[in-house]
file upload06.pdb (PDB, C-alpha atoms, pLDDT in the B column)
ATOM      1  CA  ALA S  63      98.142 111.782 104.069  1.00 50.00           C
ATOM      2  CA  VAL S  64      96.339 108.448 104.052  1.00 55.00           C
ATOM      3  CA  ASP S  65      98.350 105.368 103.195  1.00 61.00           C
ATOM      4  CA  GLY S  66      96.791 103.772 100.088  1.00 58.00           C
ATOM      5  CA  ALA S  67      97.202 100.206 101.331  1.00 57.00           C
ATOM      6  CA  LYS S  68      95.531 100.985 104.654  1.00 66.00           C
ATOM      7  CA  ALA S  69      92.625 102.740 102.943  1.00 76.00           C
ATOM      8  CA  MET S  70      91.760  99.585 100.978  1.00 80.00           C
ATOM      9  CA  THR S  71      89.005  97.333 102.222  1.00 88.00           C
ATOM     10  CA  PRO S  72      89.853  93.759 103.205  1.00 86.00           C
ATOM     11  CA  ARG S  73      87.965  92.561 100.118  1.00 88.00           C
ATOM     12  CA  ALA S  74      90.040  94.805  97.822  1.00 90.00           C
ATOM     13  CA  ARG S  75      93.268  93.626  99.491  1.00 92.00           C
ATOM     14  CA  SER S  76      92.139  90.051  98.939  1.00 92.00           C
ATOM     15  CA  ILE S  77      91.564  90.710  95.235  1.00 93.00           C
ATOM     16  CA  CYS S  78      94.999  92.326  94.937  1.00 94.00           C
ATOM     17  CA  LYS S  79      96.657  89.334  96.611  1.00 95.00           C
ATOM     18  CA  LEU S  80      94.759  86.886  94.397  1.00 95.00           C
ATOM     19  CA  SER S  81      95.730  88.877  91.300  1.00 95.00           C
ATOM     20  CA  ALA S  82      99.392  88.921  92.296  1.00 96.00           C
ATOM     21  CA  ALA S  83      99.400  85.174  92.913  1.00 96.00           C
ATOM     22  CA  LEU S  84      97.542  84.329  89.692  1.00 96.00           C
ATOM     23  CA  TYR S  85      99.241  86.839  87.359  1.00 97.00           C
ATOM     24  CA  PRO S  86     102.100  84.551  86.204  1.00 96.00           C
ATOM     25  CA  PHE S  87      99.546  81.929  85.153  1.00 97.00           C
ATOM     26  CA  GLY S  88      97.219  84.475  83.548  1.00 96.00           C
ATOM     27  CA  ALA S  89     100.043  86.149  81.631  1.00 97.00           C
ATOM     28  CA  GLY S  90     101.335  82.784  80.429  1.00 97.00           C
ATOM     29  CA  ALA S  91      97.896  81.678  79.267  1.00 97.00           C
ATOM     30  CA  ALA S  92      97.343  85.025  77.550  1.00 97.00           C
ATOM     31  CA  ALA S  93     100.730  84.758  75.796  1.00 97.00           C
ATOM     32  CA  VAL S  94      99.808  81.348  74.397  1.00 97.00           C
ATOM     33  CA  ASN S  95      96.430  82.680  73.222  1.00 97.00           C
ATOM     34  CA  VAL S  96      98.049  85.750  71.615  1.00 97.00           C
ATOM     35  CA  PHE S  97     100.491  83.500  69.757  1.00 97.00           C
ATOM     36  CA  PHE S  98      97.758  81.157  68.525  1.00 97.00           C
ATOM     37  CA  ALA S  99      95.618  84.131  67.507  1.00 97.00           C
ATOM     38  CA  SER S 100      98.531  85.423  65.423  1.00 97.00           C
ATOM     39  CA  LEU S 101      98.787  82.010  63.754  1.00 97.00           C
ATOM     40  CA  ILE S 102      95.108  82.119  62.838  1.00 97.00           C
ATOM     41  CA  LEU S 103      95.359  85.722  61.653  1.00 97.00           C
ATOM     42  CA  SER S 104      98.274  84.727  59.397  1.00 97.00           C
ATOM     43  CA  TRP S 105      95.651  83.040  57.211  1.00 97.00           C
ATOM     44  CA  ILE S 106      94.493  86.508  56.168  1.00 97.00           C
ATOM     45  CA  GLY S 107      98.009  87.827  55.605  1.00 95.00           C
ATOM     46  CA  LEU S 108      98.990  89.263  58.987  1.00 95.00           C
ATOM     47  CA  PRO S 109     102.434  88.372  60.333  1.00 96.00           C
ATOM     48  CA  VAL S 110     102.956  85.590  62.872  1.00 97.00           C
ATOM     49  CA  LEU S 111     104.260  86.968  66.165  1.00 97.00           C
ATOM     50  CA  THR S 112     107.524  85.739  67.590  1.00 96.00           C
ATOM     51  CA  PRO S 113     107.422  84.047  70.985  1.00 95.00           C
ATOM     52  CA  VAL S 114     108.960  87.166  72.569  1.00 96.00           C
ATOM     53  CA  GLN S 115     106.300  89.407  70.995  1.00 97.00           C
ATOM     54  CA  SER S 116     103.603  86.990  72.158  1.00 97.00           C
ATOM     55  CA  LEU S 117     105.016  87.051  75.682  1.00 97.00           C
ATOM     56  CA  GLY S 118     104.931  90.858  75.659  1.00 97.00           C
ATOM     57  CA  GLY S 119     101.328  90.789  74.507  1.00 97.00           C
ATOM     58  CA  GLY S 120     100.522  88.224  77.179  1.00 97.00           C
ATOM     59  CA  LEU S 121     102.047  90.410  79.872  1.00 97.00           C
ATOM     60  CA  LEU S 122      99.813  93.300  78.789  1.00 97.00           C
ATOM     61  CA  VAL S 123      96.607  91.374  78.156  1.00 96.00           C
ATOM     62  CA  GLY S 124      97.149  89.084  81.151  1.00 96.00           C
ATOM     63  CA  ALA S 125      96.838  91.867  83.732  1.00 96.00           C
ATOM     64  CA  PRO S 126      93.176  92.814  83.184  1.00 96.00           C
ATOM     65  CA  MET S 127      92.244  89.185  82.524  1.00 96.00           C
ATOM     66  CA  THR S 128      93.831  88.113  85.814  1.00 97.00           C
ATOM     67  CA  TRP S 129      92.118  90.967  87.686  1.00 97.00           C
ATOM     68  CA  ALA S 130      88.736  89.908  86.303  1.00 96.00           C
ATOM     69  CA  PHE S 131      89.395  86.282  87.246  1.00 96.00           C
ATOM     70  CA  ALA S 132      90.481  87.301  90.769  1.00 96.00           C
ATOM     71  CA  CYS S 133      87.242  89.295  91.168  1.00 96.00           C
ATOM     72  CA  HIS S 134      85.284  86.217  90.067  1.00 96.00           C
ATOM     73  CA  ILE S 135      87.121  84.005  92.566  1.00 95.00           C
ATOM     74  CA  ARG S 136      86.523  86.576  95.337  1.00 95.00           C
ATOM     75  CA  ARG S 137      82.773  86.588  94.516  1.00 95.00           C
ATOM     76  CA  LEU S 138      82.746  82.793  94.781  1.00 95.00           C
ATOM     77  CA  MET S 139      84.560  83.005  98.124  1.00 93.00           C
ATOM     78  CA  ASP S 140      82.027  85.556  99.387  1.00 92.00           C
ATOM     79  CA  GLU S 141      79.182  83.300  98.272  1.00 94.00           C
ATOM     80  CA  CYS S 142      80.679  80.342 100.126  1.00 93.00           C
ATOM     81  CA  GLU S 143      81.125  82.413 103.286  1.00 89.00           C
ATOM     82  CA  ARG S 144      77.443  83.434 103.231  1.00 86.00           C
ATOM     83  CA  GLU S 145      76.257  79.827 103.160  1.00 76.00           C
TER      84      GLU S 145
END
call {"tool": "encode", "arguments": {"input": "upload06.pdb", "output": "structure tokens"}}
result
Amino acid sequence: AVDGAKAMTPRARSICKLSAALYPFGAGAAAVNVFFASLILSWIGLPVLTPVQSLGGGLLVGAPMTWAFACHIRRLMDECERE
């Protein structure tokens, strides 16, 4: 059996580490955006989310957003290393 962590490329490990480091910030930013979106959507009759519900939504939405941001940062790092 091949260990999953050892089978990853150094670039993939770097993205995982960046994602882990940035996730608290990404989840927090997503939670704020989910809450404000619920405030705007209340104008059309939808309920306003509680802060706890917004935090839960931020935890879910923050993961893929943070992964995408970590991939972007890794691409920038690769570009800087080539120059």
call {"tool": "resolve_selection", "arguments": {"input": "upload06.pdb", "expression": "the PyMOL selection byres ((chain S and resi 124-126) around 10)", "output": "PyMOL selection string"}}
result
chain S and resi 81-82+84-93+117-123+127-132
call {"tool": "atom_distance", "arguments": {"input": "upload06.pdb", "atom1": "CA of Cys78 in chain S", "atom2": "CA of Pro113 in chain S"}}
result
28.2 Å
call {"tool": "atom_distance", "arguments": {"input": "upload06.pdb", "atom1": "CA of Arg136 in chain S", "atom2": "CA of Thr71 in chain S"}}
result
13.0 Å
call {"tool": "atom_distance", "arguments": {"input": "upload06.pdb", "atom1": "CA of Val96 in chain S", "atom2": "CA of Val110 in chain S"}}
result
10.0 Å
call {"tool": "decode", "arguments": {"input": "upload06.pdb", "residues": "range 104-135 of chain S", "atoms": "N, CA, C and O atoms", "output": "CSV table (one decimal), in the first residue's frame"}}
result
chain,number,residue,atom,x,y,z
S,104,SER,N,-33.0,39.1,2.5
S,104,SER,CA,-34.2,39.3,3.3
S,104,SER,C,-35.1,40.4,2.6
S,104,SER,O,-36.3,40.4,3.0
S,105,TRP,N,-34.6,41.1,1.7
S,105,TRP,CA,-35.4,42.1,1.0
S,105,TRP,C,-36.4,41.5,0.1
S,105,TRP,O,-37.4,42.1,-0.2
S,106,ILE,N,-36.2,40.2,-0.2
S,106,ILE,CA,-37.2,39.5,-1.1
S,106,ILE,C,-38.0,38.5,-0.2
S,106,ILE,O,-38.6,37.6,-0.8
S,107,GLY,N,-37.9,38.6,1.1
S,107,GLY,CA,-38.7,37.7,1.9
S,107,GLY,C,-38.0,36.5,2.5
S,107,GLY,O,-38.6,35.8,3.3
S,108,LEU,N,-36.7,36.3,2.2
S,108,LEU,CA,-36.1,35.1,2.8
S,108,LEU,C,-35.6,35.5,4.2
S,108,LEU,O,-35.4,36.6,4.5
S,109,PRO,N,-35.5,34.5,5.1
S,109,PRO,CA,-35.1,34.8,6.5
S,109,PRO,C,-33.6,35.2,6.6
S,109,PRO,O,-32.7,34.8,5.8
S,110,VAL,N,-33.3,36.0,7.6
S,110,VAL,CA,-31.9,36.4,7.9
S,110,VAL,C,-31.3,35.3,8.7
S,110,VAL,O,-31.9,34.8,9.7
S,111,LEU,N,-30.1,34.8,8.3
S,111,LEU,CA,-29.4,33.8,9.1
S,111,LEU,C,-28.9,34.3,10.4
S,111,LEU,O,-28.5,35.5,10.5
S,112,THR,N,-28.9,33.4,11.4
S,112,THR,CA,-28.2,33.8,12.6
S,112,THR,C,-26.7,33.7,12.4
S,112,THR,O,-26.2,33.1,11.5
S,113,PRO,N,-26.0,34.3,13.4
S,113,PRO,CA,-24.5,34.2,13.2
S,113,PRO,C,-24.0,32.8,13.2
S,113,PRO,O,-23.1,32.5,12.5
S,114,VAL,N,-24.6,31.9,14.0
S,114,VAL,CA,-24.2,30.5,14.1
S,114,VAL,C,-24.5,29.8,12.7
S,114,VAL,O,-23.6,29.1,12.2
S,115,GLN,N,-25.6,30.1,12.1
S,115,GLN,CA,-25.9,29.5,10.8
S,115,GLN,C,-25.0,30.1,9.8
S,115,GLN,O,-24.5,29.3,8.9
S,116,SER,N,-24.6,31.4,9.9
S,116,SER,CA,-23.7,32.0,8.9
S,116,SER,C,-22.3,31.4,9.1
S,116,SER,O,-21.6,31.1,8.1
S,117,LEU,N,-21.9,31.1,10.3
S,117,LEU,CA,-20.6,30.5,10.5
S,117,LEU,C,-20.6,29.1,9.9
S,117,LEU,O,-19.6,28.7,9.3
S,118,GLY,N,-21.7,28.3,10.1
S,118,GLY,CA,-21.7,27.0,9.5
S,118,GLY,C,-21.6,27.1,8.0
S,118,GLY,O,-20.9,26.3,7.4
S,119,GLY,N,-22.3,28.0,7.4
S,119,GLY,CA,-22.2,28.2,5.9
S,119,GLY,C,-20.8,28.6,5.5
S,119,GLY,O,-20.3,28.2,4.5
S,120,GLY,N,-20.2,29.5,6.3
S,120,GLY,CA,-18.8,29.9,6.0
S,120,GLY,C,-17.8,28.7,6.1
S,120,GLY,O,-16.9,28.7,5.3
S,121,LEU,N,-18.1,27.8,7.1
S,121,LEU,CA,-17.2,26.7,7.2
S,121,LEU,C,-17.3,25.8,5.9
S,121,LEU,O,-16.3,25.2,5.5
S,122,LEU,N,-18.5,25.6,5.4
S,122,LEU,CA,-18.7,24.8,4.2
S,122,LEU,C,-18.2,25.5,2.9
S,122,LEU,O,-17.4,24.9,2.2
S,123,VAL,N,-18.6,26.8,2.8
S,123,VAL,CA,-18.2,27.5,1.6
S,123,VAL,C,-16.7,27.9,1.6
S,123,VAL,O,-16.1,28.0,0.5
S,124,GLY,N,-16.2,28.1,2.8
S,124,GLY,CA,-14.8,28.5,2.9
S,124,GLY,C,-13.8,27.5,2.4
S,124,GLY,O,-12.7,27.9,2.0
S,125,ALA,N,-14.1,26.2,2.5
S,125,ALA,CA,-13.1,25.2,2.1
S,125,ALA,C,-12.8,25.3,0.6
S,125,ALA,O,-11.6,25.4,0.3
S,126,PRO,N,-13.8,25.2,-0.3
S,126,PRO,CA,-13.4,25.3,-1.7
S,126,PRO,C,-12.8,26.7,-2.1
S,126,PRO,O,-11.9,26.7,-3.0
S,127,MET,N,-13.3,27.7,-1.4
S,127,MET,CA,-12.8,29.0,-1.7
S,127,MET,C,-11.3,29.1,-1.3
S,127,MET,O,-10.5,29.7,-2.0
S,128,THR,N,-11.0,28.6,-0.2
S,128,THR,CA,-9.6,28.6,0.3
S,128,THR,C,-8.7,27.8,-0.6
S,128,THR,O,-7.6,28.2,-0.8
S,129,TRP,N,-9.2,26.6,-1.0
S,129,TRP,CA,-8.4,25.8,-1.9
S,129,TRP,C,-8.1,26.5,-3.2
S,129,TRP,O,-6.9,26.5,-3.7
S,130,ALA,N,-9.1,27.2,-3.8
S,130,ALA,CA,-8.9,27.9,-5.0
S,130,ALA,C,-7.9,29.0,-4.8
S,130,ALA,O,-7.0,29.3,-5.6
S,131,PHE,N,-8.0,29.7,-3.7
S,131,PHE,CA,-7.0,30.8,-3.4
S,131,PHE,C,-5.6,30.3,-3.2
S,131,PHE,O,-4.6,30.8,-3.6
S,132,ALA,N,-5.5,29.1,-2.5
S,132,ALA,CA,-4.2,28.5,-2.3
S,132,ALA,C,-3.6,28.1,-3.6
S,132,ALA,O,-2.3,28.2,-3.8
S,133,CYS,N,-4.4,27.6,-4.6
S,133,CYS,CA,-3.9,27.2,-5.9
S,133,CYS,C,-3.4,28.5,-6.6
S,133,CYS,O,-2.3,28.4,-7.3
S,134,HIS,N,-4.1,29.6,-6.5
S,134,HIS,CA,-3.7,30.8,-7.1
S,134,HIS,C,-2.4,31.3,-6.5
S,134,HIS,O,-1.5,31.7,-7.3
S,135,ILE,N,-2.2,31.3,-5.2
S,135,ILE,CA,-1.0,31.7,-4.6
S,135,ILE,C,0.2,30.8,-5.0
S,135,ILE,O,1.3,31.3,-5.3
